[in-house]
Each structure stands twice: as C-alpha cells, then as structure tokens.
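What follows is the content of final.csv (CSV, C-alpha atoms).
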chain,number,residue,atom,x,y,z
Q,5,MET,CA,4.5,20.4,-67.8
Q,6,ASN,CA,1.0,20.3,-66.3
Q,7,ALA,CA,-0.7,23.1,-64.5
Q,8,MET,CA,-0.2,21.5,-61.0
Q,9,VAL,CA,3.6,21.2,-61.5
Q,10,GLN,CA,3.8,24.8,-62.7
Q,11,ARG,CA,2.0,25.9,-59.6
Q,12,LEU,CA,4.4,24.0,-57.3
Q,13,SER,CA,5.5,26.5,-54.7
Q,14,PRO,CA,8.9,26.6,-52.9
Q,15,LEU,CA,7.1,25.2,-49.9
Q,16,ASP,CA,6.0,22.1,-51.9
Q,17,VAL,CA,9.5,21.6,-53.1
Q,18,VAL,CA,10.9,21.7,-49.6
Q,19,LEU,CA,8.2,19.3,-48.4
Q,20,GLU,CA,8.9,16.9,-51.2
Q,21,GLN,CA,12.7,16.9,-50.6
Q,22,HIS,CA,12.4,16.6,-46.9
Q,23,GLN,CA,9.7,14.1,-46.4
Q,24,GLY,CA,10.0,12.9,-42.8
Q,25,ALA,CA,13.3,14.8,-42.3
Q,26,VAL,CA,13.6,17.5,-39.7
Q,27,LEU,CA,13.2,20.9,-41.3
Q,28,THR,CA,15.4,23.8,-40.4
Q,29,PHE,CA,14.1,27.3,-39.8
Q,30,GLU,CA,16.0,28.5,-42.9
Q,31,GLN,CA,14.2,26.0,-45.1
Q,32,VAL,CA,10.8,26.9,-43.7
Q,33,TYR,CA,11.5,30.6,-43.9
Q,34,SER,CA,12.8,30.8,-47.4
Q,35,SER,CA,10.2,28.4,-48.8
Q,36,SER,CA,7.1,29.8,-47.0
Q,37,PHE,CA,7.8,33.5,-46.6
Q,38,ASN,CA,5.6,34.7,-49.4
Q,39,ASP,CA,2.8,32.3,-48.5
Q,40,VAL,CA,2.7,33.5,-44.9
Q,41,ALA,CA,2.6,37.2,-46.0
Q,42,ARG,CA,-0.3,36.4,-48.4
Q,43,TRP,CA,-2.2,34.4,-45.8
Q,44,ILE,CA,-1.8,37.2,-43.3
Q,45,ARG,CA,-3.2,39.6,-45.8
Q,46,ALA,CA,-6.1,37.2,-46.7
Q,47,LEU,CA,-6.8,36.8,-43.0
Q,48,GLY,CA,-7.4,40.5,-42.6
Q,49,GLY,CA,-4.0,41.9,-41.7
Q,50,LEU,CA,-3.7,45.5,-42.8
Q,51,PRO,CA,-1.0,46.3,-45.5
Q,52,ALA,CA,0.8,48.5,-43.0
Q,53,ASP,CA,1.0,45.7,-40.5
Q,54,VAL,CA,1.8,42.8,-42.7
Q,55,GLU,CA,5.5,43.3,-42.1
Q,56,ASP,CA,5.1,43.2,-38.4
Q,57,LEU,CA,2.8,40.3,-38.5
Q,58,THR,CA,5.0,38.2,-40.8
Q,59,GLN,CA,7.9,38.8,-38.5
Q,60,GLU,CA,5.7,37.8,-35.5
Q,61,VAL,CA,4.7,34.6,-37.3
Q,62,PHE,CA,8.3,33.6,-38.0
Q,63,LEU,CA,9.4,34.4,-34.5
Q,64,VAL,CA,6.8,31.9,-33.3
Q,65,VAL,CA,8.0,29.4,-36.0
Q,66,ARG,CA,11.6,29.7,-34.8
Q,67,ARG,CA,10.5,29.1,-31.2
Q,68,LYS,CA,8.2,26.2,-31.9
Q,69,LEU,CA,9.8,24.5,-34.9
Q,70,SER,CA,11.5,21.9,-32.7
Q,71,GLY,CA,8.1,20.8,-31.4
Q,72,PHE,CA,6.5,20.5,-34.9
Q,73,ASP,CA,5.5,17.0,-35.7
Q,74,GLY,CA,6.3,17.3,-39.4
Q,75,ARG,CA,2.9,16.2,-40.6
Q,76,ASN,CA,1.3,19.3,-42.2
Q,77,LEU,CA,3.8,22.2,-42.4
Q,78,ARG,CA,1.4,24.3,-44.5
Q,79,GLY,CA,-1.4,23.8,-42.0
Q,80,TRP,CA,0.9,24.4,-39.0
Q,81,LEU,CA,2.1,27.7,-40.5
Q,82,TYR,CA,-1.4,28.7,-41.4
Q,83,ARG,CA,-2.6,28.1,-37.9
Q,84,ILE,CA,0.2,30.2,-36.5
Q,85,ALA,CA,-0.6,33.0,-39.0
Q,86,GLN,CA,-4.3,32.7,-38.1
Q,87,ARG,CA,-3.7,33.0,-34.4
Q,88,THR,CA,-1.3,35.9,-34.9
Q,89,VAL,CA,-3.7,37.8,-37.0
Q,90,ARG,CA,-6.5,37.1,-34.5
Q,91,ASP,CA,-4.5,38.5,-31.6
Q,92,TYR,CA,-3.5,41.5,-33.7
Q,93,ARG,CA,-7.1,42.2,-34.6
Q,94,ARG,CA,-8.1,41.9,-30.9
Q,95,ARG,CA,-5.3,44.4,-30.0
Q,96,ALA,CA,-6.4,46.7,-32.8
Q,97,TRP,CA,-10.0,46.6,-31.6
Q,98,PHE,CA,-8.9,47.3,-28.0
Q,99,ARG,CA,-6.8,50.2,-29.2
Q,100,ARG,CA,-9.6,51.6,-31.3
Q,101,VAL,CA,-12.3,51.2,-28.6
Q,102,PHE,CA,-10.3,52.1,-25.4
Q,103,LEU,CA,-7.5,54.3,-26.7
Q,104,GLY,CA,-9.3,55.9,-29.5
Q,105,GLY,CA,-6.8,55.1,-32.2
Q,106,GLY,CA,-7.4,56.5,-35.7
Q,107,SER,CA,-8.5,54.3,-38.5
Q,108,THR,CA,-6.0,53.0,-41.0
Q,109,PRO,CA,-6.7,52.5,-44.7
Q,110,ASP,CA,-7.8,48.9,-45.0
Q,111,HIS,CA,-7.8,48.4,-48.7
Q,112,TYR,CA,-6.5,45.3,-50.3
Q,113,ASP,CA,-3.6,47.5,-51.3
Q,114,ASN,CA,-0.8,46.0,-53.3
Q,115,ALA,CA,0.0,48.8,-55.7
Q,116,THR,CA,3.6,48.9,-56.9
Q,117,ALA,CA,5.5,52.1,-56.9
Q,118,ASP,CA,6.4,52.0,-60.6
Q,119,ALA,CA,2.9,51.5,-61.9
Q,120,ASP,CA,1.3,53.9,-64.4
Q,121,PRO,CA,-0.6,56.6,-62.4
Q,122,GLY,CA,-3.8,56.0,-64.3
Q,123,GLU,CA,-3.6,52.3,-63.8
Q,124,LEU,CA,-2.6,52.8,-60.2
Q,125,PHE,CA,-5.7,54.9,-59.6
Q,126,GLU,CA,-7.9,52.4,-61.3
Q,127,ARG,CA,-6.4,49.6,-59.2
Q,128,LYS,CA,-6.8,51.6,-56.1
Q,129,GLU,CA,-10.5,52.2,-56.9
Q,130,ALA,CA,-11.0,48.5,-57.5
Q,131,GLU,CA,-9.2,47.6,-54.3
Q,132,GLY,CA,-11.3,50.0,-52.3
Q,133,LEU,CA,-14.5,48.7,-53.8
Q,134,LEU,CA,-13.4,45.1,-53.4
Q,135,HIS,CA,-12.5,45.7,-49.8
Q,136,GLY,CA,-15.9,47.2,-49.1
Q,137,LEU,CA,-17.6,44.2,-50.6
Q,138,LEU,CA,-15.4,41.6,-48.9
Q,139,GLY,CA,-15.9,43.3,-45.6
Q,140,GLN,CA,-19.5,42.4,-45.7
Q,141,MET,CA,-18.8,38.6,-46.0
Q,142,SER,CA,-18.2,36.3,-43.1
Q,143,GLU,CA,-14.6,35.7,-42.1
Q,144,VAL,CA,-14.5,32.1,-43.1
Q,145,ARG,CA,-16.0,32.7,-46.6
Q,146,ARG,CA,-13.9,35.8,-47.2
Q,147,THR,CA,-10.7,34.1,-46.3
Q,148,THR,CA,-11.4,31.2,-48.6
Q,149,PHE,CA,-12.6,33.5,-51.3
Q,150,ILE,CA,-9.4,35.7,-51.2
Q,151,LEU,CA,-7.1,32.7,-51.0
Q,152,PHE,CA,-8.7,31.1,-54.1
Q,153,GLU,CA,-9.8,34.1,-56.2
Q,154,ILE,CA,-7.1,36.6,-55.5
Q,155,GLU,CA,-4.1,34.8,-54.1
Q,156,GLY,CA,-4.5,31.9,-56.6
Q,157,TYR,CA,-4.3,29.0,-54.2
Q,158,SER,CA,-5.9,25.8,-55.4
Q,159,GLY,CA,-8.8,24.1,-53.5
Q,160,GLU,CA,-6.4,21.3,-52.4
Q,161,GLU,CA,-3.9,23.8,-51.0
Q,162,ILE,CA,-6.6,25.6,-49.1
Q,163,ALA,CA,-7.9,22.4,-47.7
Q,164,GLU,CA,-4.5,21.4,-46.6
Q,165,MET,CA,-3.6,24.7,-44.9
Q,166,GLN,CA,-7.0,25.1,-43.3
Q,167,SER,CA,-7.0,21.4,-42.3
Q,168,ILE,CA,-10.5,20.9,-43.7
Q,169,PRO,CA,-11.9,18.5,-46.3
Q,170,LEU,CA,-11.7,19.6,-49.9
Q,171,ASN,CA,-15.5,19.5,-50.3
Q,172,THR,CA,-15.8,22.0,-47.5
Q,173,VAL,CA,-13.5,24.4,-49.4
Q,174,TRP,CA,-15.7,24.1,-52.5
Q,175,THR,CA,-18.9,24.6,-50.5
Q,176,ARG,CA,-17.4,27.7,-48.8
Q,177,LEU,CA,-16.2,29.0,-52.1
Q,178,HIS,CA,-19.6,28.4,-53.8
Q,179,HIS,CA,-21.4,30.3,-51.1
Q,180,ALA,CA,-18.8,33.0,-51.1
Q,181,ARG,CA,-19.1,33.5,-54.8
Q,182,LYS,CA,-22.8,33.7,-54.7
Q,183,GLU,CA,-22.6,36.3,-51.9
Q,184,PHE,CA,-19.9,38.2,-53.8
Q,185,THR,CA,-21.9,38.5,-57.0
Q,186,ARG,CA,-25.0,39.5,-55.1
Q,187,LEU,CA,-23.0,42.2,-53.3
Q,188,VAL,CA,-21.5,43.3,-56.7
Q,189,SER,CA,-24.9,43.7,-58.3
Q,190,GLU,CA,-26.3,45.5,-55.2
Q,191,SER,CA,-23.3,47.9,-55.2
Q,192,GLY,CA,-24.3,49.1,-58.7
Q,193,HIS,CA,-20.9,48.2,-60.0
Q,194,ALA,CA,-22.4,45.7,-62.4
Q,195,GLY,CA,-24.0,48.6,-64.4
Q,196,SER,CA,-20.6,50.0,-65.3
Q,197,VAL,CA,-19.5,46.7,-67.0
Q,198,LYS,CA,-20.2,46.1,-70.7
H,20,MET,CA,-13.1,25.1,-60.5
H,21,LYS,CA,-12.1,28.1,-62.7
H,22,PRO,CA,-11.3,31.3,-60.8
H,23,LEU,CA,-14.0,33.9,-61.0
H,24,ARG,CA,-11.6,36.4,-62.7
H,25,GLU,CA,-11.6,34.2,-65.8
H,26,HIS,CA,-15.4,34.6,-66.2
H,27,LEU,CA,-15.0,37.9,-68.0
H,28,ASP,CA,-17.4,36.7,-70.8
H,29,ASP,CA,-20.0,35.2,-68.6
H,30,PRO,CA,-23.6,35.9,-69.7
H,31,ASP,CA,-24.5,37.0,-66.1
H,32,LEU,CA,-23.7,40.7,-65.7
H,33,ALA,CA,-23.0,40.5,-62.0
H,34,ILE,CA,-20.5,37.6,-62.5
H,35,ARG,CA,-18.8,39.6,-65.3
H,36,ALA,CA,-18.6,42.6,-63.1
H,37,GLY,CA,-17.1,40.6,-60.2
H,38,ALA,CA,-14.6,39.0,-62.6
H,39,ALA,CA,-13.6,42.4,-63.9
H,40,LEU,CA,-13.1,43.7,-60.4
H,41,LEU,CA,-11.0,40.7,-59.3
H,42,ALA,CA,-8.9,40.9,-62.5
H,43,LYS,CA,-7.7,44.3,-61.5
H,44,VAL,CA,-6.4,43.1,-58.2
H,45,GLN,CA,-3.0,41.4,-58.0
H,46,PRO,CA,-1.9,38.7,-55.5
H,47,PHE,CA,-0.3,40.2,-52.4
H,48,GLU,CA,3.5,40.2,-52.4
H,49,LEU,CA,6.0,42.0,-50.1
H,50,SER,CA,8.8,43.9,-51.8
H,51,SER,CA,12.4,42.7,-51.6
H,52,THR,CA,13.1,45.6,-49.3
H,53,GLN,CA,10.4,44.6,-47.0
H,54,ARG,CA,11.6,41.0,-47.1
H,55,ARG,CA,15.1,42.1,-46.1
H,56,ARG,CA,13.8,44.3,-43.4
H,57,ILE,CA,11.7,41.5,-41.9
H,58,ARG,CA,14.6,39.1,-42.1
H,59,ALA,CA,16.9,41.5,-40.3
H,60,ARG,CA,14.4,42.0,-37.6
H,61,ILE,CA,13.8,38.3,-37.1
H,62,ASP,CA,17.6,37.7,-36.9
H,63,ALA,CA,18.0,40.6,-34.4
H,64,ALA,CA,15.2,39.3,-32.2
H,65,ALA,CA,16.6,35.8,-32.3
H,66,GLU,CA,20.1,37.2,-31.5
H,67,GLN,CA,18.7,39.2,-28.6
H,68,SER,CA,16.8,36.2,-27.1
H,69,ARG,CA,20.0,34.1,-27.6
H,70,SER,CA,22.2,36.6,-25.8
H,71,LEU,CA,19.7,36.9,-23.0
H,72,ALA,CA,19.1,33.1,-22.8
H,73,TRP,CA,21.9,32.5,-20.4
H,74,LEU,CA,20.4,35.0,-18.0
H,75,ARG,CA,17.3,33.0,-17.4
H,76,PRO,CA,18.6,30.2,-15.1
H,77,ALA,CA,21.7,32.2,-14.2
H,78,PHE,CA,19.7,35.1,-13.1
H,79,ALA,CA,16.6,33.6,-11.8
H,80,VAL,CA,18.3,31.1,-9.4
H,81,PRO,CA,20.4,33.6,-7.5
H,82,VAL,CA,17.5,36.0,-7.3
H,83,LEU,CA,15.2,33.3,-5.9
H,84,LEU,CA,17.9,32.3,-3.5
H,85,ILE,CA,18.5,35.8,-2.3
H,86,VAL,CA,14.8,36.5,-1.9
H,87,GLY,CA,14.3,33.2,0.0
H,88,VAL,CA,17.2,33.8,2.3
H,89,ALA,CA,16.2,37.4,2.9
H,90,GLY,CA,12.6,36.3,3.6
H,91,ALA,CA,13.8,33.6,6.0
H,92,THR,CA,16.1,36.0,7.8
H,93,VAL,CA,14.0,39.1,8.0
H,94,GLY,CA,10.6,37.4,8.4
H,95,PRO,CA,11.0,36.0,11.9
H,96,ARG,CA,12.8,39.1,13.1
H,97,LEU,CA,10.0,41.3,11.9
H,98,TYR,CA,7.4,39.0,13.3
H,99,ARG,CA,9.1,38.9,16.6
H,100,ALA,CA,9.6,42.6,16.5
H,101,VAL,CA,6.0,43.3,15.8
H,102,VAL,CA,4.2,41.1,18.3
H,103,PRO,CA,5.9,41.9,21.6
H,104,GLN,CA,6.3,45.5,20.6
H,105,ASN,CA,2.6,45.6,20.2
H,106,ALA,CA,2.1,44.3,23.6
H,107,PHE,CA,4.6,46.7,25.0
H,108,GLU,CA,3.1,49.7,23.2
H,109,GLN,CA,-0.3,49.0,24.6
H,110,GLY,CA,1.3,50.4,27.7
H,111,PRO,CA,-0.4,50.1,31.1
H,112,ALA,CA,-3.8,50.1,29.6
H,113,PRO,CA,-6.4,49.2,32.2
H,114,THR,CA,-7.3,45.9,30.5
H,115,GLN,CA,-7.6,43.9,33.7
H,116,VAL,CA,-11.2,43.6,34.6
H,117,GLN,CA,-11.8,42.6,38.1
H,118,ALA,CA,-15.2,40.8,38.1
H,119,PRO,CA,-16.2,39.7,41.6
H,120,GLU,CA,-17.3,36.2,40.6
H,121,ARG,CA,-14.9,35.7,37.8
H,122,ALA,CA,-11.2,35.3,37.3
H,123,PRO,CA,-9.4,38.3,35.8
H,124,VAL,CA,-10.1,38.6,32.2
H,125,HIS,CA,-8.2,40.4,29.4
H,126,ALA,CA,-10.8,43.0,28.3
H,127,PRO,CA,-9.9,43.2,24.6
H,128,ALA,CA,-9.7,39.4,24.3
H,129,ALA,CA,-13.0,39.1,26.1
H,130,LYS,CA,-14.5,41.7,23.8
H,131,ALA,CA,-13.3,40.0,20.7
H,132,ALA,CA,-14.2,36.5,21.8
H,133,ALA,CA,-17.5,37.2,23.4
H,134,PRO,CA,-18.9,40.7,22.7
H,135,GLU,CA,-22.1,39.8,24.4
H,136,GLN,CA,-20.3,39.7,27.8
H,137,VAL,CA,-19.4,43.4,27.5
H,138,GLY,CA,-22.7,44.2,29.2
H,139,SER,CA,-21.4,42.6,32.4
H,140,ILE,CA,-18.3,44.7,32.6
H,141,ALA,CA,-18.4,48.0,34.4
H,142,PRO,CA,-18.8,51.0,32.0
H,143,GLU,CA,-15.9,52.9,33.6
H,144,ASP,CA,-13.6,50.0,32.9
H,145,LEU,CA,-14.5,49.9,29.3
H,146,GLU,CA,-14.2,53.6,28.7
H,147,PRO,CA,-10.6,53.8,27.6
H,148,GLU,CA,-11.0,50.9,25.3
H,149,LYS,CA,-14.0,52.3,23.4
H,150,PRO,CA,-12.2,54.3,20.7
H,151,THR,CA,-10.7,51.3,19.0
H,152,GLN,CA,-11.9,47.8,18.5
H,153,ALA,CA,-9.0,47.6,16.1
H,154,ALA,CA,-6.5,49.3,18.3
H,155,PRO,CA,-4.3,46.2,18.8
H,156,ARG,CA,-4.1,45.6,15.1
H,157,ALA,CA,-3.1,49.3,14.4
H,158,GLY,CA,-0.4,49.0,17.1
H,159,GLN,CA,1.3,46.1,15.3
H,160,SER,CA,3.3,48.6,13.3
H,161,GLY,CA,3.6,51.0,16.2
H,162,PRO,CA,6.1,53.8,16.8
H,163,GLY,CA,8.7,51.5,18.3
H,164,ALA,CA,9.1,49.3,15.3
H,165,THR,CA,8.8,52.3,13.0
H,166,LEU,CA,11.7,54.0,14.9
H,167,MET,CA,13.9,50.9,14.4
H,168,MET,CA,13.0,50.5,10.8
H,169,GLU,CA,13.9,54.2,10.3
H,170,ALA,CA,17.2,53.6,12.1
H,171,LEU,CA,17.9,50.6,10.0
H,172,GLN,CA,17.1,52.5,6.8
H,173,ALA,CA,19.3,55.4,7.9
H,174,ARG,CA,22.2,53.0,8.7
H,175,ARG,CA,21.8,51.4,5.2
H,176,ALA,CA,21.8,54.8,3.6
H,177,GLY,CA,25.0,55.6,5.4
H,178,ASP,CA,23.5,58.2,7.7
H,179,THR,CA,25.1,56.8,10.8
H,180,ALA,CA,24.4,59.9,13.0
H,181,ARG,CA,20.7,59.7,12.3
H,182,ALA,CA,20.7,55.9,12.9
H,183,GLN,CA,22.4,56.4,16.3
H,184,GLU,CA,20.0,59.2,17.2
H,185,LEU,CA,17.0,57.0,16.4
H,186,THR,CA,18.3,54.0,18.3
H,187,ALA,CA,19.0,56.3,21.3
H,188,GLU,CA,15.5,57.6,21.0
H,189,TYR,CA,14.2,54.0,20.9
H,190,GLN,CA,16.2,53.0,24.0
H,191,LYS,CA,15.0,56.1,25.8
H,192,LYS,CA,11.3,55.4,25.0
H,193,TYR,CA,11.4,51.7,25.3
H,194,PRO,CA,14.2,50.7,27.7
H,195,ASN,CA,12.9,47.1,27.7
H,196,GLY,CA,11.6,47.0,24.2
H,197,ALA,CA,11.7,43.8,22.2
H,198,LEU,CA,14.2,45.4,19.8
H,199,LYS,CA,16.6,46.5,22.5
H,200,GLU,CA,19.3,44.2,21.3
H,201,GLU,CA,19.0,45.4,17.7
H,202,ALA,CA,18.9,49.0,18.9
H,203,LEU,CA,22.1,48.6,20.8
H,204,ALA,CA,23.8,46.8,18.0
H,205,ILE,CA,22.9,49.5,15.4
H,206,ALA,CA,24.0,52.1,17.9
H,207,PHE,CA,27.5,50.7,18.4
H,208,GLU,CA,27.9,49.8,14.9
H,209,SER,CA,26.9,53.2,13.6
H,210,ALA,CA,29.2,54.9,16.1
H,211,ALA,CA,32.0,52.6,15.1
H,212,ALA,CA,31.4,53.4,11.4
H,213,ARG,CA,31.7,57.1,12.3
H,214,LYS,CA,34.8,56.4,14.4
H,215,ASP,CA,32.9,57.9,17.3
H,216,PRO,CA,34.6,57.3,20.7
H,217,SER,CA,31.2,56.3,22.1
H,218,ALA,CA,31.3,53.1,20.1
H,219,THR,CA,33.4,51.4,22.7
H,220,ARG,CA,31.0,52.4,25.5
H,221,LEU,CA,28.0,51.2,23.4
H,222,ALA,CA,29.7,47.9,22.6
H,223,GLN,CA,30.5,47.3,26.2
H,224,LYS,CA,26.9,48.2,27.1
H,225,TYR,CA,25.7,45.7,24.5
H,226,LEU,CA,28.0,42.9,25.8
H,227,ALA,CA,26.9,43.6,29.3
H,228,ALA,CA,23.2,43.3,28.3
H,229,PHE,CA,23.7,40.5,25.9
H,230,PRO,CA,26.9,38.6,26.6
H,231,HIS,CA,25.9,35.8,24.2
H,232,GLY,CA,23.9,38.0,21.8
H,233,ARG,CA,23.7,37.7,18.1
H,234,PHE,CA,26.0,40.7,17.6
H,235,SER,CA,28.5,39.9,20.4
H,236,ALA,CA,31.2,39.1,17.8
H,237,GLN,CA,30.8,42.5,16.2
H,238,ALA,CA,30.8,44.2,19.6
H,239,GLU,CA,34.0,42.4,20.6
H,240,GLN,CA,35.5,43.5,17.3
H,241,VAL,CA,34.7,47.1,18.0
H,242,LEU,CA,36.3,46.8,21.4
H,243,SER,CA,39.4,45.1,20.0
H,244,ASN,CA,39.7,48.0,17.4
H,245,LYS,CA,39.6,50.7,19.9
Any chance you could put this one into structure tokens?
Amino acid sequence: MNAMVQRLSPLDVVLEQHQGAVLTFEQVYSSSFNDVARWIRALGGLPADVEDLTQEVFLVVRRKLSGFDGRNLRGWLYRIAQRTVRDYRRRAWFRRVFLGGGSTPDHYDNATADADPGELFERKEAEGLLHGLLGQMSEVRRTTFILFEIEGYSGEEIAEMQSIPLNTVWTRLHHARKEFTRLVSESGHAGSVK
Amino acid sequence: MKPLREHLDDPDLAIRAGAALLAKVQPFELSSTQRRRIRARIDAAAEQSRSLAWLRPAFAVPVLLIVGVAGATVGPRLYRAVVPQNAFEQGPAPTQVQAPERAPVHAPAAKAAAPEQVGSIAPEDLEPEKPTQAAPRAGQSGPGATLMMEALQARRAGDTARAQELTAEYQKKYPNGALKEEALAIAFESAAARKDPSATRLAQKYLAAFPHGRFSAQAEQVLSNK
C-alpha cells in the first residue's frame, strides 16, 4: 500500500464513492468533521472556540449543501471554515477593542488529559513557543505551514482546499519555512538543540 | 517535499531546532466528547430551525396583512383628523391681512411663500404671528387630536369612564371639531359598555348629527338594546 493510499482521508473515500452523486449532510459531516476542526485551528481559531466554530461551519454546510455544485467539496468546506474564522476573529477583535474583553490563551494547545505531566509541560512549552513564532508570520504562509507541517496535509490536498495551483503551495511553504527557521534562530531556541 | 519535523538530523542548527519544535506538537483533534457535544448542538439547532420554519410564511403573511390593513384604515383617519384640526385649533387668529391695493392674503402662507413681502404688512398685524414661524406645524398634533387619541387609548384599555370624560371634554372644547363624529361614537359606545343609561341619549345624539354616519349601525344597536 503506497503512502498516498494510506493517507486517504474519510473525505476522500466519500468523494470517490459519490462522484457526481448528491451528497447528504451526514456523509459530509462524518467524513469531514476532523478536517474542518483542524482547518479551523490552522486558520487561527482559539482552542476554546474550535467547538463553537466547527458547529457554526456545519450549520452553514447544512443550510447551503443543496446549493453546492459538487465540484470541490474540500475547497467548498475550507472556504466556509475560512469565512467563519474570519468573522469570528473580527468579532473577537471588536470585543477586545470596544468591550475590553480579556485575552485568552492562544497556544496551539492540543494536550491530552492522560499525558505524562513532564511530557505535557514540555509540549505546552513547545506549543507556546511555536505559537509565538507562527504569530509573526503572515496569515497565508502560516496557514499553509501549519496545514503541511503540523496537520500533515499533502501539498495536493492544500492546493485543492485552498483552490490554488500546487506550485503556489510549494512557494508559500518554501518562504514559510525560511521565515520559520529564521524566527527559530532569532528566538535563541536553536542554541538549546544539540 | 519532506515535512520539516523529519529534518531532525539536518546539518543546519536552526532547521534542526525547528524540526525538534514541530516534532513535539501533535495534529489537532477534538475529543469524542467534544464531537458528541457539537453533533448534539448541530442537531438541536437544526431541529429548532425546522420547528420554526412553518412560522415564516404562516406568521409573516398575516402580520403583513394586519399591518397593511391597519395602516390603510388608520392612516387616512389620522391624516383627516390632523389637518382640519390644525385649521380649527388655529382659532380666530388674525391672519387676514387687509392690504388696500391687494386682495386678502393669508398671512402665514404669504410669509412662508414670500418672506420678502412681510415688510409691506403692517407691524401690528404681524405681531401675534411673530412667536412661531413653525406654529402651524406644531399644531398638527394639537390638543384636540391628543384628546381623542387619549380617549381612544382609554377605551382600548377598558377605562370607559375616562374615555367618555375625554370625549365630552373634546365636544365641549371643539363642538364642530373634525373628530366630532368619532367623539360621539366613542362616547355612546363607552357608555353602552358601562351600561350607562346615557348611552341611549348619546346614540340618539349621534344619529341626529350623523344619520348615515360610519357608526350608525352601532348607534342603532345601542338603541335597540335599551
């Protein structure tokens, strides 16, 4: 079994089985739930809000599925997630600026409850540092970087979901990596690595 | 392209450090509890919108109809009530200017249309008009109409005594007011609602003044119930 087949997501399976057929909400939901949650996180949704945002995305999906042309489900879902996160960030900014809302931890926090405390602490540290570094990158580069380097999507998948040419993904990734390594060396973290 | 996290043995120290950092971070995944919670909320939201869906046309159409009919019914009445009332409430204002070489002119109209002509009008004639250029506009919701609105509100609220009292006051103040018919109608109707013996007299008064009025059927009904 080659690597590409191993990486076939439930969404791909559904798309292969239903080529040209009308998708039901259940199919879309069960096959793309994890992807949507990960995209939301990669697009900058805070851990505390990923639940709400995922729900919002699927409510939109349920409402608009009948109007979906069936061409690029992943791209369609990604755009909905992107718009939802953008609106959410706008609202969050408004709350912060005009209503003086407190700041929420914005780490790339995905610690599991049953993890070893030492390991958990180390991971938290790494997530905090990573978040600080990623926060200095442009949104486009950061999203592509997270989707590829952390969430493990392939370049082809990213190109499909972002509806851009594959070469653009590689270009963004190339620049994002360069920027990331520069930021790592500037942060002094490189000195702690053997 | 190989993910950066796999470059742990890269000769470049910064790349190695970046790879080490990325290797510590796991892909994001929601727990099964979170999944279930989201699913339940989506289903609840969908159920709610489905249960309310019937309300949209079923609710909006009657509301629009009621608003439209109410607007069409009340609008002309209010308009008619306001305009002549305004004229009435102006009272015997000395607005007729007798200019020797000119035909009689309505002073406010002349002032509004051609303020430059004010100079040719005698100062003593203008004196009472001075305080308000906007007086006619303010009078549009004058005390007469206000009284009737209050009477109507009192009647709606079930305070028939107050409604009758206000209509009586209106009739006393404005015996030939534009809302005389309505005042009489509210009066006999309020009296009838309270089973006041004056209802018959008021209904008769109404029929005498407006034999073919809009409320003559109600007046006759009051008389037939006596």
Pull out every residue of chain Q that has at least one atom within 7 Å of chain H, counting all atoms listed in the file, and report them as a PDB file with C-alpha atoms, in the coordinates of the input.
ATOM      1  CA  ASN Q  38       5.600  34.700 -49.400  1.00  0.00           C
ATOM      2  CA  ARG Q  42      -0.300  36.400 -48.400  1.00  0.00           C
ATOM      3  CA  GLU Q  55       5.500  43.300 -42.100  1.00  0.00           C
ATOM      4  CA  GLN Q  59       7.900  38.800 -38.500  1.00  0.00           C
ATOM      5  CA  LEU Q  63       9.400  34.400 -34.500  1.00  0.00           C
ATOM      6  CA  ASN Q 114      -0.800  46.000 -53.300  1.00  0.00           C
ATOM      7  CA  ARG Q 127      -6.400  49.600 -59.200  1.00  0.00           C
ATOM      8  CA  ALA Q 130     -11.000  48.500 -57.500  1.00  0.00           C
ATOM      9  CA  GLU Q 131      -9.200  47.600 -54.300  1.00  0.00           C
ATOM     10  CA  GLU Q 153      -9.800  34.100 -56.200  1.00  0.00           C
ATOM     11  CA  ILE Q 154      -7.100  36.600 -55.500  1.00  0.00           C
ATOM     12  CA  GLU Q 155      -4.100  34.800 -54.100  1.00  0.00           C
ATOM     13  CA  THR Q 185     -21.900  38.500 -57.000  1.00  0.00           C
ATOM     14  CA  VAL Q 188     -21.500  43.300 -56.700  1.00  0.00           C
ATOM     15  CA  SER Q 189     -24.900  43.700 -58.300  1.00  0.00           C
ATOM     16  CA  HIS Q 193     -20.900  48.200 -60.000  1.00  0.00           C
ATOM     17  CA  ALA Q 194     -22.400  45.700 -62.400  1.00  0.00           C
ATOM     18  CA  VAL Q 197     -19.500  46.700 -67.000  1.00  0.00           C
TER      19      VAL Q 197
END
Just to confirm, what's the straight-line distance from CA of Gln240 (chain H) to CA of Arg96 (chain H) in Å (one decimal)?
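Calculated distance between CA of Gln240 (chain H) and CA of Arg96 (chain H) is 23.5 Å.
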How far is it from CA of Thr88 (chain Q) to CA of Ala63 (chain H), in Å with one decimal?
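Distance reported for this atom pair: 19.9 Å.
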One decimal, Å: what's the distance from CA of Val65 (chain Q) over to CA of Leu81 (chain Q), could you say?
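Going from CA of Val65 (chain Q) over to CA of Leu81 (chain Q) covers 7.6 Å.
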Of the residues Q:Val54, Q:Leu27, Q:Arg87, Q:Glu143, which is the one nearest to Asp73 (chain Q), using only C-alpha atoms?
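Result for the nearest residue to Asp73 (chain Q): Q:Leu27.
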Could you give me, as a ChimeraX atom specification, the residues within 10 Å of Tyr189 (chain H), counting only C-alpha atoms and dropping anything in the same chain fewer than 6 positions from it?
/H:162-167,170,183,195-196,198-199,202-203
Would you pick out the contacts of Leu242 (chain H) at 7 Å or less, using only C-alpha atoms, so that residues sharing its chain but fewer than 4 positions from it are not included, and give the list as a list in words?
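The filter keeps Thr219, Ala222 and Ala238 of chain H.
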